[in-house]
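Pasted below: structure05.cif, mmCIF, C-alpha atoms.
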```cif
data_query
#
loop_
_atom_site.label_atom_id
_atom_site.label_comp_id
_atom_site.auth_asym_id
_atom_site.auth_seq_id
_atom_site.Cartn_x
_atom_site.Cartn_y
_atom_site.Cartn_z
CA ASP A 1 73.03 118.19 137.86
CA ASP A 2 73.86 116.56 141.22
CA VAL A 3 75.47 113.59 139.49
CA GLU A 4 77.51 115.87 137.24
CA ALA A 5 78.63 117.95 140.23
CA LEU A 6 79.66 114.78 142.06
CA ARG A 7 81.56 113.56 139.00
CA LEU A 8 83.45 116.85 138.69
CA ARG A 9 84.30 116.81 142.38
CA LEU A 10 85.61 113.26 142.15
CA VAL A 11 87.69 114.11 139.09
CA THR A 12 89.17 117.11 140.90
CA GLU A 13 89.96 115.07 144.03
CA VAL A 14 91.61 112.32 141.97
CA ALA A 15 93.73 114.91 140.17
CA LEU A 16 94.77 116.50 143.48
CA LEU A 17 95.58 113.06 144.90
CA ASP A 18 97.75 112.30 141.88
CA ILE A 19 99.61 115.60 142.33
CA ARG A 20 100.18 114.95 146.03
CA THR A 21 101.36 111.41 145.32
CA LYS A 22 103.93 112.69 142.82
CA GLU A 23 105.05 115.38 145.28
CA LEU A 24 105.47 112.77 148.00
CA GLN A 25 107.45 110.52 145.66
CA ARG A 26 109.69 113.43 144.70
CA SER A 27 110.13 114.42 148.35
CA ASN A 28 111.07 110.86 149.31
CA SER A 29 113.50 110.66 146.42
CA ASP A 30 115.11 113.96 147.44
CA LEU A 31 115.35 112.80 151.06
CA GLU A 32 116.99 109.51 150.04
CA GLN A 33 119.45 111.37 147.82
CA PHE A 34 120.27 113.80 150.63
CA ALA A 35 120.83 110.97 153.12
CA TYR A 36 123.12 109.16 150.69
CA VAL A 37 125.15 112.21 149.69
CA ALA A 38 125.42 113.56 153.24
CA SER A 39 126.52 110.21 154.62
CA HIS A 40 128.95 109.58 151.77
CA ASP A 41 130.52 113.03 152.07
CA LEU A 42 130.97 112.58 155.80
CA GLN A 43 133.10 109.47 155.33
CA GLU A 44 136.40 111.13 154.47
CA PRO A 45 136.54 113.76 157.26
CA LEU A 46 135.37 111.16 159.76
CA ARG A 47 138.13 108.76 158.70
CA LYS A 48 140.64 111.56 159.31
CA VAL A 49 139.20 112.32 162.75
CA THR A 50 139.19 108.63 163.66
CA SER A 51 142.76 108.13 162.48
CA PHE A 52 144.14 111.06 164.46
CA CYS A 53 142.18 110.09 167.57
CA GLN A 54 143.60 106.58 167.38
CA LEU A 55 147.07 108.03 166.79
CA LEU A 56 146.71 110.17 169.93
CA GLU A 57 145.57 107.12 171.87
CA ARG A 58 148.55 105.02 170.74
CA ARG A 59 151.20 107.71 171.12
CA TYR A 60 150.10 109.48 174.28
CA GLY A 61 147.98 106.90 176.08
CA GLY A 62 149.35 106.53 179.61
CA ARG A 63 151.84 109.38 179.15
CA LEU A 64 149.43 112.14 180.16
CA ASP A 65 147.27 112.41 183.24
CA GLU A 66 144.22 110.26 183.83
CA ARG A 67 141.80 112.97 182.70
CA ALA A 68 143.60 113.33 179.35
CA ASP A 69 143.44 109.57 178.75
CA GLN A 70 139.73 109.73 179.50
CA TYR A 71 139.20 112.55 177.00
CA ILE A 72 141.10 110.69 174.30
CA GLY A 73 139.03 107.57 175.01
CA PHE A 74 135.82 109.57 174.62
CA ALA A 75 137.01 110.97 171.28
CA VAL A 76 137.99 107.54 169.92
CA ASP A 77 134.70 105.96 171.04
CA GLY A 78 132.65 108.82 169.58
CA ALA A 79 134.43 108.58 166.23
CA ARG A 80 133.90 104.82 166.08
CA ARG A 81 130.20 105.14 166.89
CA MET A 82 129.80 107.86 164.27
CA GLN A 83 131.41 105.59 161.68
CA VAL A 84 128.95 102.79 162.48
CA LEU A 85 126.06 105.25 162.31
CA ILE A 86 127.12 106.58 158.91
CA ASP A 87 127.58 103.06 157.54
CA ASP A 88 124.09 102.11 158.73
CA LEU A 89 122.58 105.29 157.31
CA LEU A 90 124.22 104.63 153.95
CA ALA A 91 122.85 101.09 153.92
CA PHE A 92 119.39 102.41 154.81
CA SER A 93 119.43 105.03 152.05
CA ARG A 94 120.54 102.48 149.44
CA VAL A 95 117.53 100.18 149.86
CA GLY A 96 115.55 100.35 146.64
CA ARG A 97 117.93 102.80 144.95
CA LYS A 98 119.66 100.20 142.82
CA THR A 99 116.73 98.11 141.76
CA GLY A 100 117.35 94.85 140.00
CA ASP A 101 115.09 92.15 138.71
CA PHE A 102 113.55 90.15 141.50
CA VAL A 103 114.46 86.48 141.41
CA GLN A 104 113.16 83.38 143.12
CA VAL A 105 114.70 83.31 146.58
CA ASP A 106 114.83 80.23 148.76
CA MET A 107 114.36 81.68 152.22
CA ASN A 108 116.10 78.66 153.75
CA GLU A 109 119.30 79.67 151.96
CA VAL A 110 118.81 83.32 152.90
CA LEU A 111 118.46 82.40 156.57
CA LYS A 112 121.56 80.20 156.38
CA VAL A 113 123.65 83.09 155.06
CA ALA A 114 122.30 85.40 157.78
CA LEU A 115 123.18 82.89 160.50
CA ASP A 116 126.65 82.39 159.03
CA ASN A 117 127.15 86.16 159.22
CA LEU A 118 126.10 86.08 162.88
CA SER A 119 128.11 82.98 163.79
CA SER A 120 130.37 84.83 166.26
CA SER A 121 127.42 86.38 168.13
CA ILE A 122 125.57 83.08 168.15
CA GLU A 123 128.58 81.24 169.55
CA TYR A 124 129.36 83.91 172.14
CA SER A 125 125.77 84.07 173.45
CA HIS A 126 125.21 80.28 173.21
CA ALA A 127 122.14 81.03 171.10
CA GLU A 128 120.07 78.25 169.59
CA VAL A 129 118.30 79.04 166.31
CA THR A 130 115.76 76.62 164.83
CA HIS A 131 113.56 77.04 161.78
CA ASP A 132 110.79 75.45 159.77
CA GLN A 133 111.04 74.61 156.12
CA LEU A 134 110.74 78.07 154.57
CA PRO A 135 109.07 78.91 151.25
CA VAL A 136 110.34 80.56 148.08
CA VAL A 137 109.58 84.24 147.48
CA ARG A 138 110.48 86.79 144.84
CA GLY A 139 113.00 89.41 145.86
CA GLU A 140 116.62 90.42 146.24
CA PRO A 141 118.57 87.80 148.22
CA THR A 142 120.99 90.29 149.79
CA LEU A 143 118.22 92.49 151.14
CA LEU A 144 116.20 89.55 152.45
CA THR A 145 119.33 88.27 154.16
CA ALA A 146 119.53 91.62 155.95
CA VAL A 147 115.95 91.17 157.20
CA PHE A 148 116.73 87.87 158.91
CA GLN A 149 120.12 89.10 160.07
CA ASN A 150 118.66 92.16 161.80
CA LEU A 151 115.81 90.25 163.43
CA VAL A 152 118.02 87.43 164.72
CA SER A 153 120.70 89.90 165.82
CA ASN A 154 118.08 91.83 167.79
CA ALA A 155 116.89 88.62 169.44
CA ILE A 156 120.46 87.88 170.52
CA LYS A 157 121.16 91.42 171.70
CA PHE A 158 117.99 91.80 173.77
CA ARG A 159 118.28 88.45 175.50
CA GLY A 160 117.35 87.72 179.07
CA GLU A 161 119.26 85.75 181.66
CA ASP A 162 118.89 82.47 179.74
CA PRO A 163 120.73 81.78 176.48
CA PRO A 164 118.76 83.01 173.45
CA ARG A 165 116.29 80.56 171.93
CA ILE A 166 115.17 81.78 168.52
CA GLN A 167 112.66 80.12 166.23
CA VAL A 168 111.96 81.09 162.62
CA THR A 169 108.63 79.89 161.26
CA ALA A 170 106.59 80.42 158.11
CA GLU A 171 102.93 79.93 157.30
CA ASP A 172 100.97 81.13 154.26
CA GLY A 173 103.64 83.64 153.24
CA THR A 174 104.04 85.05 156.76
CA PHE A 175 107.39 84.65 158.47
CA SER A 176 107.88 84.95 162.21
CA VAL A 177 111.01 85.29 164.34
CA THR A 178 110.31 84.42 167.97
CA ASP A 179 112.71 84.72 170.89
CA ASN A 180 112.80 84.29 174.66
CA GLY A 181 114.36 87.68 175.38
CA ILE A 182 113.32 90.68 177.44
CA GLY A 183 110.28 91.45 175.29
CA ILE A 184 108.73 94.72 174.08
CA GLU A 185 105.68 96.41 175.55
CA PRO A 186 102.73 96.64 173.08
CA GLU A 187 102.63 100.45 173.26
CA TYR A 188 106.02 100.52 171.50
CA ALA A 189 104.83 98.36 168.58
CA ASP A 190 105.07 101.22 166.07
CA ARG A 191 107.91 103.17 167.63
CA VAL A 192 110.43 100.31 167.31
CA PHE A 193 110.30 100.62 163.50
CA VAL A 194 111.11 104.35 163.46
CA ILE A 195 114.67 105.16 162.46
CA PHE A 196 117.00 106.14 165.34
CA GLN A 197 114.36 105.30 167.96
CA ARG A 198 115.71 103.48 170.99
CA LEU A 199 113.87 101.94 173.95
CA HIS A 200 117.01 101.39 176.04
CA PRO A 201 120.13 103.44 176.88
CA ARG A 202 123.07 102.98 174.52
CA SER A 203 125.24 102.03 177.48
CA THR A 204 122.96 99.03 178.14
CA TYR A 205 122.30 97.89 174.58
CA PRO A 206 124.65 99.33 171.92
CA GLY A 207 123.49 100.09 168.40
CA THR A 208 122.29 102.90 166.15
CA GLY A 209 118.53 102.28 166.19
CA ILE A 210 118.37 101.61 162.45
CA GLY A 211 118.01 97.82 162.37
CA LEU A 212 114.21 97.50 162.57
CA ALA A 213 113.71 100.57 160.39
CA MET A 214 115.88 98.81 157.81
CA VAL A 215 113.76 95.67 158.13
CA ARG A 216 110.57 97.61 157.49
CA ARG A 217 112.07 99.47 154.54
CA ILE A 218 113.23 96.25 152.89
CA VAL A 219 109.98 94.37 153.52
CA GLU A 220 107.87 97.23 152.16
CA TYR A 221 110.20 97.49 149.15
CA HIS A 222 109.28 93.85 148.45
CA GLY A 223 105.57 94.63 148.63
CA GLY A 224 105.10 93.24 152.12
CA ARG A 225 104.60 94.45 155.68
CA VAL A 226 106.23 93.82 159.05
CA TRP A 227 104.86 94.11 162.57
CA LEU A 228 105.43 93.32 166.21
CA ASP A 229 103.05 90.55 167.27
CA THR A 230 101.43 92.20 170.30
CA ASP A 231 99.27 89.09 170.90
CA TYR A 232 102.30 86.89 171.51
CA PRO A 233 102.04 85.88 175.19
CA GLY A 234 105.79 85.66 175.75
CA PRO A 235 108.15 85.48 177.41
CA GLY A 236 110.09 87.18 174.67
CA THR A 237 109.18 88.83 171.40
CA ARG A 238 107.75 87.80 168.06
CA PHE A 239 108.29 89.83 164.90
CA SER A 240 106.34 88.82 161.82
CA PHE A 241 106.55 89.90 158.21
CA ALA A 242 104.50 88.94 155.17
CA LEU A 243 105.85 88.74 151.63
CA PRO A 244 104.15 87.85 148.37
CA ARG A 245 104.80 84.15 147.92
CA GLU A 246 106.32 82.67 144.76
CA ASP A 247 104.40 79.50 143.97
CA THR A 248 106.58 76.84 142.36
#
```
What would you get if you wrote out this structure as C-alpha cells?
Amino acid sequence: DDVEALRLRLVTEVALLDIRTKELQRSNSDLEQFAYVASHDLQEPLRKVTSFCQLLERRYGGRLDERADQYIGFAVDGARRMQVLIDDLLAFSRVGRKTGDFVQVDMNEVLKVALDNLSSSIEYSHAEVTHDQLPVVRGEPTLLTAVFQNLVSNAIKFRGEDPPRIQVTAEDGTFSVTDNGIGIEPEYADRVFVIFQRLHPRSTYPGTGIGLAMVRRIVEYHGGRVWLDTDYPGPGTRFSFALPREDT
C-alpha cells in the first residue's frame, strides 16, 4: 500500500510538473511575442519623433535662447537612445524565434567577423585582441558572432587607463574572454546577465544594458551556459561560456 501510494504521488507530481512546464513555455512565448510586437510597433512613431526633433535642431539651433537649445538637445538625445534601445530589444526578442538547422561553425571565423565589426572601436581604443586556435561547434554563425562581439565590445568599453588587452581562449568546449579592464565585483556575477541591469551610470558608460543578457540568451539557446569567472584574480574580467563541441 505504501509503495502504491508513493507511485501515485510521483505520477501526480510528474503530471503537475509537465503542466507547469507547458505553462512556463507558453508564458515565455507570449512574453517574446509581446516584446517583438511592442518594439516593432514603436518604430514608426519613434522615427517621426526623431525626425522632427532633428528638424528642430537644424532649423532653430542657435536661433533661440540657450535654454531652448538645451531642451532640443535633450529631446534629440532621448530619441536616439530610445531608438538604440528598441533595436536592441528587437534583437533580443528574435533570438530563437526563427530557428534554422544548426551547422558546423568554425569559431575562428566567427571571431574574425566579430572583430571586423568592431574594427573602429578597436582602432580608436588601441585594443589588442589575441586568441587561441578555436574549435568547431554546432550552431548559428550569426548568433555566435553576436556572442563574441558583445563580450569583446564590453571589454573595450569597460577598459582601464591602459589600452585594452583582450585574450580569447578555448579548452574542452569552454571559451573564455579575458581583459585588463576595470573588473566586476563577484557579488554582481548574476546581476550582469539580467536585461537592462547596469552597474555604472549611463553618463559614464553608455549602452542599454542588454549586451550580456543577449549573450546568455544565445548561449543557452545553443544548449550551453555562460558565467563570470569570479575566481579570476585580475586585474580585469574573464567571461566564460561552454558550448557542446562538434567533434570532426
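Near A:Gly73, within 10 Å and counting only C-alpha atoms, sit Cys53, Gln54, Leu56, Glu57, Gly61, Arg67 and Ala79 of chain A; same-chain residues fewer than 6 positions away were not included.
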**Message:** Would you compute the distance between atom CA of A:Gly78 and atom CA of A:Leu55? Give it in Å to one decimal.
**Reply:**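 Calculated distance between atom CA of A:Gly78 and atom CA of A:Leu55 is 14.7 Å.
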**Message:** Evaluate the PyMOL selection byres ((chain A and resi 218) around 8) against this structure - the residues, as a PyMOL selection string, please.
**Reply:** chain A and resi 95-96+143-144+147+214-217+219-222
**Asked** Could you pull the residues within 12 Å of stretch 228-231 of chain A, counting all atoms listed in the file, minus those fewer than 2 positions along the same chain, as JSON, numbers by chain?
**Response** {"A": [151, 174, 175, 176, 177, 178, 179, 183, 184, 185, 186, 187, 188, 189, 190, 191, 192, 193, 212, 215, 216, 225, 226, 233, 234, 235, 236, 237, 238, 239, 240, 241, 242]}
**Shortest interatomic distance to A:Tyr60 - which of A:Glu140, A:Ile72, A:Glu109, A:Val168, counting only C-alpha atoms** = A:Ile72
**Fill in**
Atom pair atom CA of A:Gly223 + atom CA of A:Ala91, distance 19.2 Å
**Message:** Env of A:Asp162: 10 Å cut, atoms = all atoms listed in the file, seq-sep filter 4 positions within chain, self excluded. Answer as a PyMOL selection string.
**Reply:** chain A and resi 125-127+180-181
How would the residues just chosen look if you wrote them out with C-alpha atoms as a PDB file, in the frame of the given file?
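Writing the result to selection04.pdb gives the following:
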```pdb
ATOM      1  CA  SER A 125     125.770  84.070 173.450  1.00  0.00           C
ATOM      2  CA  HIS A 126     125.210  80.280 173.210  1.00  0.00           C
ATOM      3  CA  ALA A 127     122.140  81.030 171.100  1.00  0.00           C
ATOM      4  CA  ASN A 180     112.800  84.290 174.660  1.00  0.00           C
ATOM      5  CA  GLY A 181     114.360  87.680 175.380  1.00  0.00           C
TER       6      GLY A 181
END
```
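Interatomic distance, atom CA of A:Leu46 against atom CA of A:Gln83: 7.1 Å.
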**Fill in**
Between A:Ile86, A:Leu6, A:Glu23, A:Trp227, smallest distance to A:Glu44 by only C-alpha atoms belongs to A:Ile86
Contacts of stretch 130-134 of chain A at 8 Å (only C-alpha atoms; same-chain gap of 5+ positions) as a short mmCIF file (atom, residue, chain, number, x, y, z; two decimals) with C-alpha atoms, in the frame of the given file:
```cif
data_model
loop_
_atom_site.label_atom_id
_atom_site.label_comp_id
_atom_site.auth_asym_id
_atom_site.auth_seq_id
_atom_site.Cartn_x
_atom_site.Cartn_y
_atom_site.Cartn_z
CA ASP A 106 114.83 80.23 148.76
CA MET A 107 114.36 81.68 152.22
CA ASN A 108 116.10 78.66 153.75
CA ILE A 166 115.17 81.78 168.52
CA GLN A 167 112.66 80.12 166.23
CA VAL A 168 111.96 81.09 162.62
CA THR A 169 108.63 79.89 161.26
CA ALA A 170 106.59 80.42 158.11
#
```
**Request:** Please provide the set of residues having any atom within 12 Å of A:Ile122, restricted to all atoms listed in the file, with same-chain residues fewer than 5 positions apart removed, written as a PyMOL selection string.
**Result:** chain A and resi 114-117+127-129+149+152-157+159+163-166
**Request:** Give me the result of the PyMOL selection byres ((chain A and resi 104) around 7) on this file, residue by residue, as a PyMOL selection string.
**Result:** chain A and resi 102-103+105-106+136-139
Set up a box along x, y and z of the file covering all listed atoms of stretch 41-52 of chain A, add 8 Å on every one of the six sides, and write the centre and edge lengths in Å to one decimal, as AutoDock Vina command-line options.
```
--center_x 137.3 --center_y 110.9 --center_z 158.3 --size_x 29.6 --size_y 21.6 --size_z 28.4
```
**Message:** Given all atoms listed in the file as the basis, pick out the residue of A:Leu64, A:Leu24, A:Val76, A:Leu8 nearest to A:Lys48.
**Reply:** A:Val76
